[in-house]
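*Asks:* Here it is, the structure, as structure tokens.
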Amino acid sequence: MRFYIRKLATFLSTVLLVSVITFLVFQILPGDPAEIVLGVDADPHQLVELRKTMGLERPAAERYASWVTDTVTGDFGTSLRYQRPVADIVAERLPVTLSLSVMSVGLTLLIGLPLGIYIARKDGQLSSMLLSVFTQLGLAVPSFWLGFILILVFSVTFKLFPTYGYVPWSEDPVGAFKSMFLPSLALAIPGIAVVIRYLRNTLLDQFRMDYVRTARSKGLREKSIMYRHILRNSLIPVLTIVGLLIADTLGGSIVVENVFALPGLGNLLITSIGTRDLPLLQTLVLYIAIIVVLINFVVDILYKVIDPRIRLKR
Amino acid sequence: MLKIRKTFVTGFSTLAVLSMVISGCGSSASPAPAASGTAQTTNGNSPAKDSSSMERVEGGTVRVAMSTEPDNLDPYLSAATDTSSMMDNVFDGLFEAGENSELVPAVAESYQISEDGLTYTFNIRKGIKFHDGSDLTAEDVAYSYAKLSGLNGKEPLSSKFAVIEKIETPDDSTVVVKLKAKDAAFLAANIVAIVPKDYEKQSEKPIGAGPFQFVSYAPGQQLVLEKNDQFYDQERKPALDRVEFKIMPDTNSSVLALQSGDIDMIPGISAQGALQLGTGFQIVSGPQNMVQLMALNNTEKPLDDVRVRQAINHAIDKDVIIQTVAEGNGAKLGSNMSPAMKMYYQEGLENRYQPDVQKAKALLKEAGYENGFKLTITVPSNYAFHVDTAQVIAEQLKAVGIDAQIKQIEWSSWLEDVYNNAKYEATIVGLTGKLDPHEVLGRYETTYGKNFFKFSNAEFDDIVNRARTEIDVTKRADMYKQAQTVLTEQAAAVYIMDPSRSVALKENLHGFTMYPVQKYDFAAMYFSKK
Amino acid sequence: MRWNQLVRNKPFMIGGCLLVLLLGLMVTSLFYTPYGPNDMNTAMRLAPPQASHWFGTDNFGRDIFSRIMEGSQTSFVIGTASVAIGLVIGLLIGAIAGYWGGWMDEMLMRIIDAMLAFPGILLAIMLVSVFGPGFGNTIVALGIMSIPAFARIARSGFIQYKEFAFVKAAKARGASSLRIISRHILPNMASPLIVASTMRFSGSILAEAGLSYLGLGVQPPDPSWGRMLSEAQPFIINAPWYVFITGAVITAMVLGFNLLGDGIRDGFDKKR
């Protein structure tokens, strides 16, 4: 029980710290949001009007204070750019980033796990060497470059997938899948490489473990050793990797959503930096950071559930 | 494609002087060289066919890639040209902007101006309905104008309408506008949208009387318009059923999307993008009434010396910039006026400063900068076009000993530092043109709040001031031409080019017309059978 | 880990060769490039690879090979400087947290956790948008991005080694903390830190490319590979080599560092 309380305390203090960092960092962003929206052609009268609608005539300290109270009460304030509640906008864009993350982590595991096992079992053979080359390349390629090449090959040349945009799952599941496939793949490839490498290394480590030798000497079949013992013991490190992967995917989606013009959170984040839409920007950053912290928290808890031997300090 | 538009010239011969404003822009203006008119090319092997020979199809959906998000759907609160080019299809004004900067009658059928130039009487067309089914009457016009001018007791929304003293509506189809002072720029301001009286939700669900009606807007995704079946003008009745503006910030993605058939049109495709397109597309291009310039801070040393500014002008080869950055699709400029503004454009200024390294060096020597100096060119990072231009300019300035550093900043910082506070040495930006020359040249007035050039010239101020109240069209135009010459002689900035606007369309999409303002008239567009 | 062991290690050798090649390119570019990296030749725009221009020319008619050479300086400087920043600060944080422990440890680790909550490029984007884009700011942002990785390694290293007999012995002899850290603990942590450095180096290169793609990276006309890549993208159909070559060079450098790191780790693991 102490373990969980301790972890919860850590989780909460990290969230607090993250929110403080988020506030502080963006307070020094220069720029007038009203002017950015209207640009060089703005009529001075329009500017006055828009500043009023945005509530910019109030002093900065007051705006900040009201944002903090709003956030604590679960109301994230109003976006300056869109003049709509931030919570609504985030809720609208969330499905895109969520499906992108889920699909890309799904692809990563679906492709990464079998290949990782394969490569470990065929260690030293040609096929596994080729896979290693692929893994190394996957880790080294910039994801947006990959995105462009995927579009060029699969959308423009073979016309298999759309080049951009998002189709809601409720409207057209097939279309939704198609629109999400290339971006998920672009995001997943580095992840696949990570999973393959990691799984291979832990599996090879396990192969050398005493209990495997014992099991072998007892005459257990190789398959049964693999699935009943080794994989189970490799689960914990893989779990950590999945946690990290989700965090990476959220970060990577910022760039990839821009390549594929997907209206997700990452896309919104870049727009809101450009438009100095602080209420929206702060909420988004906070949102992403809290998801990451939450995932780490869950992973920590799962650790304990899977392997009760884990103690507080490693 | 050729639609006969009746202009005001017919029927108002009594107002001889004033109708010249309109016809002058249209027909009798001296032809501009270089980039006048519209060039249409079709990529690939199928030659450009006369659109009349194509089989016209009624209906259909056009999907258009837009690189920016609308700033506000309310026409009175929006300032972005991209937004107005979309929403102009939803809203009609008393006039609409015509192809040659003439004013085409729309909601107003006709108008008269009093002898003293202070009273404008507009006759409103009967039978116009807003998209919500209500009638458009003089009351709505008065409401709209009161809102813009602040006569409704609230903050005014447009400085162009601040000159209005009083609005009267003697009957349902007559609006009388009285001005406080003579203002030659007022007439062109009447292209502004007319909105239904007491409807305050334009930002959420805009309602106008234009050929298309607003359906939906999903931020970051799309803005959808549908055909207005009750549209009042039979001649402008739309053929298309639906227009979908897709928000696609990455221009490379939109080119690929056009290629793979996911969209039908890219307004404002980059020259590089246009090169990428293979067969099956057409590119329409023409001057876009923009002035791309390198602004020089006229109060910053050593740029406060006119000889230094002239030297910089001599050092820069605009033709090379047009070739490399715009793939040759741009009209060379010499002052702050695009040839698209035929009537006001002063010819010949573009060749005032020939590229001449020796001359530039001589001028620098005269000014005491024989060994050159350091110059920071600040560029908004989100405009690849300007960043590219800066790279070419930096290279050209090197030849005369000026060590130019490029400093990219975000658009928001640019607005703050450069545009508002004039904290910069040189910057590259494009200033979009307006229908009225005062809005274009007024930027250089000493008293203008956002004169980021820090240009101050008594002669210039005097000319522009006099032009403001000059009702005689030819005289007024001459004054603005003079003003342009002053800018060139003073080398207030380096005027580079009016980059052509290129619009990429699917081969079977027709009827697109270029306007001197950024306007996409979807009512005139239609598909043909392939 | 012995040298001849490393030489037989394939990843190490391949990675090393790649890096030596790129390093050679960089050193050469200090004295010589076939063309001036910013020289424009408007008559030869987007020319395909040929004898006079090995990698072709870009949209300004600049020689891509020369720019790649010149750009390698930017990449090496950004990578080295950002890793150095991350290493020094990370080591310091890790040492304080791990060696002294207690509430300092708790507090520092919370800060590191909070930093890790901003996934990868997000932290860099935040920092660059606040500081403004540019060469120096990019380095600082990427350096800060690297701190957590080093801090964690350093901390666990310190926690591990401070309990070791040789450290305890030194302590008993009355050696100062600084001496213990520099003489006894740091040398033992060299391998994981070197491995992490190579990984962070590639991380910085990739992040710089990402930032440049979003328009937040290094300023033109100075060639940086990330910037070149984003400049090349509009020409992906007309001049595919421009995009492919630039992307490939970035990939090669990242690959080189990754392989080098793997090789060192393998050698290190075998020793134990």
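Chain lettering (A, B, ...) mirrors the order of the structure tokens, residue numbering begins at 1 for each chain separately, and ligand numbering begins at 1 in order of display.
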If we count only C-alpha atoms and set the cut-off at 9 Å, which residues sit around Glu489 (chain B), ignoring sequence neighbours fewer than 4 positions away in its own chain? Please answer as a compact mmCIF listing (two decimals) with N, CA, C and O atoms, in the first residue's frame.
*Replies:*
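Dumped to out.txt:
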```txt
# COMPACT_ATOMS: atom_id res chain seq x y z
N VAL B 306 19.81 59.00 -48.14
CA VAL B 306 19.13 58.58 -49.36
C VAL B 306 20.10 57.93 -50.35
O VAL B 306 19.72 57.01 -51.09
N GLN B 310 19.63 54.44 -52.23
CA GLN B 310 19.72 54.32 -53.69
C GLN B 310 20.76 53.29 -54.10
O GLN B 310 20.56 52.53 -55.04
N ARG B 352 14.03 52.76 -62.93
CA ARG B 352 14.76 53.90 -62.41
C ARG B 352 16.13 53.49 -61.86
O ARG B 352 17.12 54.17 -62.06
N GLN B 484 4.00 58.25 -56.21
CA GLN B 484 4.84 57.07 -56.44
C GLN B 484 6.24 57.47 -56.87
O GLN B 484 7.23 56.86 -56.47
N THR B 485 6.31 58.51 -57.72
CA THR B 485 7.61 58.96 -58.18
C THR B 485 8.46 59.45 -57.01
O THR B 485 9.66 59.17 -56.96
```
*Asks:* Find the residues in chain A near chain B: any atom within 6 Å counts, using only C-alpha atoms. Write them as a list in words.
*Replies:* Gly31, Ile36, Val37, Leu38, Asp41, Ala42, His45, Gln46, Val156, Thr163, Ala261 and Pro263 of chain A
*Asks:* Please identify all residues of chain A having at least one atom at most 8 Å from any atom of chain C, considering only C-alpha atoms, and return them as a PyMOL selection string.
*Replies:* chain A and resi 10+13-15+17-18+25-26+28-30+136-137+139-142+144-145+247-248+250-252+254-255+273+285+288-290+292-293
*Asks:* Quick one: residues within 12 Å of Phe150 (chain C), only C-alpha atoms counted, chain neighbours fewer than 2 positions away excluded, as a JSON list (two decimals) with N, CA and C atoms, in the first residue's frame?
*Replies:*
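What landed in selection_31.json:
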```
[["chain", "number", "residue", "atom", "x", "y", "z"],
["C", 82, "SER", "N", 25.14, 20.69, -28.09],
["C", 82, "SER", "CA", 23.94, 20.36, -27.31],
["C", 82, "SER", "C", 24.22, 19.17, -26.41],
["C", 83, "VAL", "N", 25.00, 18.20, -26.90],
["C", 83, "VAL", "CA", 25.35, 17.07, -26.04],
["C", 83, "VAL", "C", 26.20, 17.55, -24.87],
["C", 84, "ALA", "N", 27.12, 18.47, -25.15],
["C", 84, "ALA", "CA", 27.98, 18.99, -24.08],
["C", 84, "ALA", "C", 27.13, 19.66, -23.00],
["C", 85, "ILE", "N", 26.19, 20.48, -23.43],
["C", 85, "ILE", "CA", 25.32, 21.16, -22.46],
["C", 85, "ILE", "C", 24.56, 20.13, -21.64],
["C", 86, "GLY", "N", 23.95, 19.18, -22.35],
["C", 86, "GLY", "CA", 23.16, 18.16, -21.66],
["C", 86, "GLY", "C", 24.01, 17.33, -20.72],
["C", 87, "LEU", "N", 25.23, 16.98, -21.18],
["C", 87, "LEU", "CA", 26.12, 16.13, -20.40],
["C", 87, "LEU", "C", 26.55, 16.84, -19.11],
["C", 88, "VAL", "N", 27.00, 18.07, -19.26],
["C", 88, "VAL", "CA", 27.52, 18.80, -18.09],
["C", 88, "VAL", "C", 26.41, 19.02, -17.06],
["C", 89, "ILE", "N", 25.31, 19.59, -17.52],
["C", 89, "ILE", "CA", 24.23, 19.88, -16.58],
["C", 89, "ILE", "C", 23.61, 18.59, -16.04],
["C", 90, "GLY", "N", 23.42, 17.62, -16.94],
["C", 90, "GLY", "CA", 22.83, 16.35, -16.53],
["C", 90, "GLY", "C", 23.69, 15.64, -15.50],
["C", 91, "LEU", "N", 25.00, 15.65, -15.75],
["C", 91, "LEU", "CA", 25.93, 15.01, -14.84],
["C", 91, "LEU", "C", 25.88, 15.66, -13.46],
["C", 92, "LEU", "N", 25.84, 16.98, -13.49],
["C", 92, "LEU", "CA", 25.81, 17.74, -12.25],
["C", 92, "LEU", "C", 24.56, 17.39, -11.45],
["C", 93, "ILE", "N", 23.42, 17.42, -12.15],
["C", 93, "ILE", "CA", 22.16, 17.10, -11.47],
["C", 93, "ILE", "C", 22.19, 15.67, -10.94],
["C", 94, "GLY", "N", 22.64, 14.75, -11.83],
["C", 94, "GLY", "CA", 22.68, 13.34, -11.45],
["C", 94, "GLY", "C", 23.61, 13.11, -10.27],
["C", 95, "ALA", "N", 24.76, 13.80, -10.27],
["C", 95, "ALA", "CA", 25.73, 13.62, -9.19],
["C", 95, "ALA", "C", 25.15, 14.09, -7.87],
["C", 112, "ILE", "N", 13.32, 16.54, -13.19],
["C", 112, "ILE", "CA", 13.66, 15.73, -14.36],
["C", 112, "ILE", "C", 12.41, 15.02, -14.89],
["C", 116, "LEU", "N", 10.70, 15.30, -18.52],
["C", 116, "LEU", "CA", 10.42, 14.14, -19.37],
["C", 116, "LEU", "C", 8.96, 14.07, -19.77],
["C", 143, "GLY", "N", 20.07, 21.16, -26.12],
["C", 143, "GLY", "CA", 20.88, 20.81, -24.94],
["C", 143, "GLY", "C", 19.99, 20.53, -23.74],
["C", 144, "ILE", "N", 19.04, 21.43, -23.51],
["C", 144, "ILE", "CA", 18.13, 21.25, -22.39],
["C", 144, "ILE", "C", 17.34, 19.95, -22.56],
["C", 145, "MET", "N", 16.99, 19.69, -23.83],
["C", 145, "MET", "CA", 16.24, 18.46, -24.13],
["C", 145, "MET", "C", 17.04, 17.21, -23.73],
["C", 146, "SER", "N", 18.37, 17.31, -23.76],
["C", 146, "SER", "CA", 19.21, 16.14, -23.46],
["C", 146, "SER", "C", 19.48, 15.94, -21.98],
["C", 147, "ILE", "N", 19.21, 16.97, -21.18],
["C", 147, "ILE", "CA", 19.57, 16.89, -19.76],
["C", 147, "ILE", "C", 19.01, 15.64, -19.06],
["C", 148, "PRO", "N", 17.68, 15.38, -19.18],
["C", 148, "PRO", "CA", 17.12, 14.27, -18.40],
["C", 148, "PRO", "C", 17.84, 12.94, -18.62],
["C", 152, "ARG", "N", 19.62, 11.01, -15.49],
["C", 152, "ARG", "CA", 19.17, 9.70, -14.99],
["C", 152, "ARG", "C", 20.32, 8.70, -14.93],
["C", 153, "ILE", "N", 21.10, 8.64, -16.03],
["C", 153, "ILE", "CA", 22.23, 7.70, -16.06],
["C", 153, "ILE", "C", 23.20, 8.02, -14.93],
["C", 154, "ALA", "N", 23.51, 9.32, -14.81],
["C", 154, "ALA", "CA", 24.49, 9.73, -13.80],
["C", 154, "ALA", "C", 23.98, 9.37, -12.41],
["C", 155, "ARG", "N", 22.71, 9.64, -12.16],
["C", 155, "ARG", "CA", 22.17, 9.38, -10.84],
["C", 155, "ARG", "C", 22.27, 7.90, -10.49],
["C", 156, "SER", "N", 21.81, 7.04, -11.42],
["C", 156, "SER", "CA", 21.84, 5.62, -11.07],
["C", 156, "SER", "C", 23.27, 5.14, -10.92],
["C", 157, "GLY", "N", 24.18, 5.73, -11.71],
["C", 157, "GLY", "CA", 25.58, 5.37, -11.59],
["C", 157, "GLY", "C", 26.13, 5.73, -10.21],
["C", 189, "MET", "N", 31.74, 5.25, -14.96],
["C", 189, "MET", "CA", 30.50, 5.54, -15.66],
["C", 189, "MET", "C", 30.73, 5.96, -17.10],
["C", 190, "ALA", "N", 32.01, 6.00, -17.50],
["C", 190, "ALA", "CA", 32.33, 6.54, -18.83],
["C", 190, "ALA", "C", 31.56, 5.84, -19.94],
["C", 192, "PRO", "N", 28.59, 4.00, -20.16],
["C", 192, "PRO", "CA", 27.19, 4.37, -20.39],
["C", 192, "PRO", "C", 27.02, 5.83, -20.82],
["C", 193, "LEU", "N", 27.90, 6.69, -20.30],
["C", 193, "LEU", "CA", 27.78, 8.10, -20.69],
["C", 193, "LEU", "C", 28.17, 8.31, -22.15],
["C", 194, "ILE", "N", 29.21, 7.60, -22.58],
["C", 194, "ILE", "CA", 29.61, 7.73, -23.99],
["C", 194, "ILE", "C", 28.49, 7.22, -24.89],
["C", 195, "VAL", "N", 27.93, 6.06, -24.49],
["C", 195, "VAL", "CA", 26.84, 5.51, -25.29],
["C", 195, "VAL", "C", 25.69, 6.51, -25.36],
["C", 196, "ALA", "N", 25.32, 7.06, -24.20],
["C", 196, "ALA", "CA", 24.22, 8.02, -24.17],
["C", 196, "ALA", "C", 24.54, 9.24, -25.01],
["C", 197, "SER", "N", 25.83, 9.66, -24.99],
["C", 197, "SER", "CA", 26.21, 10.83, -25.79],
["C", 197, "SER", "C", 25.99, 10.60, -27.27],
["C", 198, "THR", "N", 26.39, 9.40, -27.74],
["C", 198, "THR", "CA", 26.20, 9.14, -29.16],
["C", 198, "THR", "C", 24.71, 9.15, -29.50],
["C", 199, "MET", "N", 23.89, 8.57, -28.59],
["C", 199, "MET", "CA", 22.46, 8.52, -28.86],
["C", 199, "MET", "C", 21.85, 9.92, -28.85],
["C", 200, "ARG", "N", 22.27, 10.74, -27.88],
["C", 200, "ARG", "CA", 21.73, 12.08, -27.81],
["C", 200, "ARG", "C", 22.19, 12.91, -29.00]]
```
*Asks:* In Å, how far is it from CA of Met40 (chain C) to CA of Asp63 (chain C)?
*Replies:*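 Those two atoms sit 8.2 Å apart.
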*Asks:* Compile the residues of chain C that lie within 10 Å of chain B, evaluated using only C-alpha atoms, and express the compilation as a CSV table (one decimal) with C-alpha atoms, in the first residue's frame.
*Replies:*
```csv
chain,number,residue,atom,x,y,z
C,38,ASN,CA,25.9,30.3,-50.9
C,39,ASP,CA,27.0,31.1,-54.5
C,40,MET,CA,24.0,31.3,-56.7
C,41,ASN,CA,24.1,30.4,-60.3
C,42,THR,CA,20.7,31.2,-61.7
C,43,ALA,CA,21.4,29.6,-65.0
C,45,ARG,CA,18.7,25.7,-61.1
C,59,ASN,CA,16.4,26.1,-56.6
C,60,PHE,CA,18.9,29.0,-56.4
C,61,GLY,CA,21.4,27.1,-58.5
C,129,SER,CA,9.2,29.5,-29.6
C,132,GLY,CA,13.1,32.7,-30.9
C,133,PRO,CA,14.6,30.5,-33.6
C,134,GLY,CA,18.3,30.6,-34.5
C,214,LEU,CA,8.5,23.5,-38.6
C,215,GLY,CA,10.4,26.6,-39.4
C,216,LEU,CA,11.9,27.0,-36.0
C,217,GLY,CA,15.5,25.9,-36.7
C,218,VAL,CA,18.7,27.4,-38.1
C,219,GLN,CA,18.5,30.6,-40.1
C,220,PRO,CA,19.3,30.8,-43.9
C,221,PRO,CA,21.4,31.3,-45.8
C,222,ASP,CA,23.7,29.2,-43.5
C,231,GLU,CA,13.7,23.7,-48.5
C,233,GLN,CA,10.5,19.4,-50.1
C,234,PRO,CA,8.6,21.6,-52.5
C,235,PHE,CA,10.7,20.0,-55.2
C,236,ILE,CA,10.1,16.4,-54.3
C,237,ILE,CA,8.6,15.6,-57.7
C,238,ASN,CA,10.8,17.8,-60.0
C,239,ALA,CA,14.1,17.3,-58.2
```
*Asks:* List the neighbours of region 451-461 of chain B out to 10 Å using only C-alpha atoms; skip same-chain residues closer than 4 positions along the sequence, and give me the result as a ChimeraX atom specification.
*Replies:* /B:294-300,304,417-427,441-447,465-467,479-480,482-487,490-493
*Asks:* Step one, run DSSP on the backbone; step two, keep only residues of region 257-434 of chain B assigned to helix (DSSP H, G or I); then write them as number ranges by chain.
*Replies:* B: 257-259, 271-276, 306-315, 318-326, 349-351, 357-366, 384-398, 411-420
*Asks:* Residues at most 10 Å from Arg93 (chain A), counting only C-alpha atoms, excluding those fewer than 2 positions away in the same chain, as a list in words?
*Replies:*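 What passes the distance filter is Asp88, Ile89, Val90, Ala91, Pro95, Val96, Thr97, Leu98, Leu262, Pro263, Gly264, Leu265, Gly266, Asn267 and Leu268 of chain A; Pro219, Gly220 and Gln221 of chain B.
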*Asks:* Mind writing the picked residues with N, CA and C atoms as a PDB file, in the first residue's frame?
*Replies:*
```pdb
ATOM      1  N   ASP A  88     -13.935  22.451 -25.601  1.00  0.00           N
ATOM      2  CA  ASP A  88     -14.649  21.978 -26.796  1.00  0.00           C
ATOM      3  C   ASP A  88     -13.680  21.713 -27.937  1.00  0.00           C
ATOM      4  N   ILE A  89     -12.765  22.653 -28.133  1.00  0.00           N
ATOM      5  CA  ILE A  89     -11.823  22.513 -29.249  1.00  0.00           C
ATOM      6  C   ILE A  89     -10.955  21.279 -29.051  1.00  0.00           C
ATOM      7  N   VAL A  90     -10.454  21.114 -27.817  1.00  0.00           N
ATOM      8  CA  VAL A  90      -9.611  19.955 -27.539  1.00  0.00           C
ATOM      9  C   VAL A  90     -10.417  18.666 -27.757  1.00  0.00           C
ATOM     10  N   ALA A  91     -11.649  18.675 -27.290  1.00  0.00           N
ATOM     11  CA  ALA A  91     -12.484  17.476 -27.453  1.00  0.00           C
ATOM     12  C   ALA A  91     -12.697  17.148 -28.927  1.00  0.00           C
ATOM     13  N   PRO A  95      -9.970  13.046 -30.934  1.00  0.00           N
ATOM     14  CA  PRO A  95     -10.107  11.765 -31.622  1.00  0.00           C
ATOM     15  C   PRO A  95      -9.031  11.548 -32.677  1.00  0.00           C
ATOM     16  N   VAL A  96      -8.619  12.630 -33.348  1.00  0.00           N
ATOM     17  CA  VAL A  96      -7.618  12.480 -34.394  1.00  0.00           C
ATOM     18  C   VAL A  96      -6.298  12.000 -33.806  1.00  0.00           C
ATOM     19  N   THR A  97      -5.809  12.722 -32.812  1.00  0.00           N
ATOM     20  CA  THR A  97      -4.532  12.359 -32.212  1.00  0.00           C
ATOM     21  C   THR A  97      -4.628  11.017 -31.510  1.00  0.00           C
ATOM     22  N   LEU A  98      -5.787  10.765 -30.915  1.00  0.00           N
ATOM     23  CA  LEU A  98      -5.975   9.502 -30.215  1.00  0.00           C
ATOM     24  C   LEU A  98      -5.908   8.336 -31.200  1.00  0.00           C
ATOM     25  N   LEU A 262      -3.361  16.644 -40.682  1.00  0.00           N
ATOM     26  CA  LEU A 262      -4.379  16.040 -39.824  1.00  0.00           C
ATOM     27  C   LEU A 262      -4.765  17.050 -38.748  1.00  0.00           C
ATOM     28  N   PRO A 263      -6.061  17.281 -38.578  1.00  0.00           N
ATOM     29  CA  PRO A 263      -6.473  18.303 -37.606  1.00  0.00           C
ATOM     30  C   PRO A 263      -6.444  17.789 -36.175  1.00  0.00           C
ATOM     31  N   GLY A 264      -5.288  17.402 -35.698  1.00  0.00           N
ATOM     32  CA  GLY A 264      -5.170  16.863 -34.346  1.00  0.00           C
ATOM     33  C   GLY A 264      -4.603  17.874 -33.370  1.00  0.00           C
ATOM     34  N   LEU A 265      -4.253  17.374 -32.189  1.00  0.00           N
ATOM     35  CA  LEU A 265      -3.749  18.257 -31.143  1.00  0.00           C
ATOM     36  C   LEU A 265      -2.394  18.871 -31.508  1.00  0.00           C
ATOM     37  N   GLY A 266      -1.537  18.078 -32.159  1.00  0.00           N
ATOM     38  CA  GLY A 266      -0.210  18.563 -32.506  1.00  0.00           C
ATOM     39  C   GLY A 266      -0.286  19.714 -33.494  1.00  0.00           C
ATOM     40  N   ASN A 267      -1.139  19.528 -34.490  1.00  0.00           N
ATOM     41  CA  ASN A 267      -1.392  20.558 -35.472  1.00  0.00           C
ATOM     42  C   ASN A 267      -1.899  21.828 -34.789  1.00  0.00           C
ATOM     43  N   LEU A 268      -2.845  21.635 -33.883  1.00  0.00           N
ATOM     44  CA  LEU A 268      -3.432  22.739 -33.136  1.00  0.00           C
ATOM     45  C   LEU A 268      -2.376  23.451 -32.303  1.00  0.00           C
TER      46      LEU A 268
ATOM     47  N   PRO B 219     -12.980  24.069 -37.470  1.00  0.00           N
ATOM     48  CA  PRO B 219     -11.623  24.624 -37.418  1.00  0.00           C
ATOM     49  C   PRO B 219     -10.573  23.564 -37.717  1.00  0.00           C
ATOM     50  N   GLY B 220      -9.602  23.929 -38.512  1.00  0.00           N
ATOM     51  CA  GLY B 220      -8.538  22.997 -38.849  1.00  0.00           C
ATOM     52  C   GLY B 220      -8.943  21.996 -39.907  1.00  0.00           C
ATOM     53  N   GLN B 221     -10.197  21.944 -40.271  1.00  0.00           N
ATOM     54  CA  GLN B 221     -10.625  20.974 -41.268  1.00  0.00           C
ATOM     55  C   GLN B 221     -11.223  21.627 -42.501  1.00  0.00           C
TER      56      GLN B 221
END
```
*Asks:* In terms of the shortest atom-to-atom distance over only C-alpha atoms, which of C:Phe65, C:Ile14, C:Tyr99, C:Asp266 is closest to Leu186 (chain C)?
*Replies:*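 Looking at the shortest contact to Leu186 (chain C), the residue is C:Tyr99.
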*Asks:* For the strand (DSSP E) assignment from backbone DSSP, which residues of region 72-254 of chain B qualify? Please present them as a PyMOL selection string.
*Replies:* chain B and resi 95-97+103-105+108-113+119-124+164-171+174-179+212-218+222-227+242-247
*Asks:* Kindly give the distance, in Å, that separates CA of Pro190 (chain A) and CA of Gly138 (chain A), rounded to a single decimal.
*Replies:* 4.9 Å
*Asks:* As a list of chain:residue names, please: the residues near Thr174 (chain B) (cut-off 12 Å, only C-alpha atoms, same-chain neighbours under 3 positions excluded).
*Replies:*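 Near Thr174 (chain B), the qualifying residues are B:Leu94, B:Val107, B:Ala108, B:Glu109, B:Ser110, B:Tyr111, B:Gln112, B:Tyr120, B:Thr121, B:Phe122, B:Asn123, B:Ile124, B:Arg125, B:Lys126, B:Leu136, B:Thr137, B:Ala138, B:Glu139, B:Asp140, B:Val141, B:Ala142, B:Ile167, B:Glu168, B:Thr169, B:Pro170, B:Asp171, B:Val177.
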*Asks:* Could you give me, as a PyMOL selection string, the residues within 7 Å of Glu244 (chain B), counting only C-alpha atoms and dropping anything in the same chain fewer than 3 positions from it?
*Replies:* chain B and resi 62-64+222-225
*Asks:* Now that the selection is made, can you save its residues with N, CA and C atoms as a PDB file, in the first residue's frame?
*Replies:*
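Below you can see out_0.pdb, which holds the result:
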```
ATOM      1  N   VAL B  62     -16.736  21.548 -55.492  1.00  0.00           N
ATOM      2  CA  VAL B  62     -15.338  21.917 -55.675  1.00  0.00           C
ATOM      3  C   VAL B  62     -14.653  21.873 -54.318  1.00  0.00           C
ATOM      4  N   ARG B  63     -13.510  21.191 -54.245  1.00  0.00           N
ATOM      5  CA  ARG B  63     -12.739  21.161 -52.998  1.00  0.00           C
ATOM      6  C   ARG B  63     -11.499  22.019 -53.185  1.00  0.00           C
ATOM      7  N   VAL B  64     -11.378  23.015 -52.340  1.00  0.00           N
ATOM      8  CA  VAL B  64     -10.330  24.018 -52.499  1.00  0.00           C
ATOM      9  C   VAL B  64      -9.374  23.960 -51.314  1.00  0.00           C
ATOM     10  N   GLN B 222     -12.430  22.126 -42.394  1.00  0.00           N
ATOM     11  CA  GLN B 222     -13.015  22.695 -43.597  1.00  0.00           C
ATOM     12  C   GLN B 222     -14.102  23.714 -43.325  1.00  0.00           C
ATOM     13  N   LEU B 223     -14.339  24.511 -44.363  1.00  0.00           N
ATOM     14  CA  LEU B 223     -15.439  25.464 -44.345  1.00  0.00           C
ATOM     15  C   LEU B 223     -16.274  25.126 -45.573  1.00  0.00           C
ATOM     16  N   VAL B 224     -17.571  24.909 -45.361  1.00  0.00           N
ATOM     17  CA  VAL B 224     -18.405  24.434 -46.462  1.00  0.00           C
ATOM     18  C   VAL B 224     -19.461  25.466 -46.832  1.00  0.00           C
ATOM     19  N   LEU B 225     -19.597  25.706 -48.127  1.00  0.00           N
ATOM     20  CA  LEU B 225     -20.638  26.593 -48.643  1.00  0.00           C
ATOM     21  C   LEU B 225     -21.533  25.793 -49.579  1.00  0.00           C
TER      22      LEU B 225
END
```
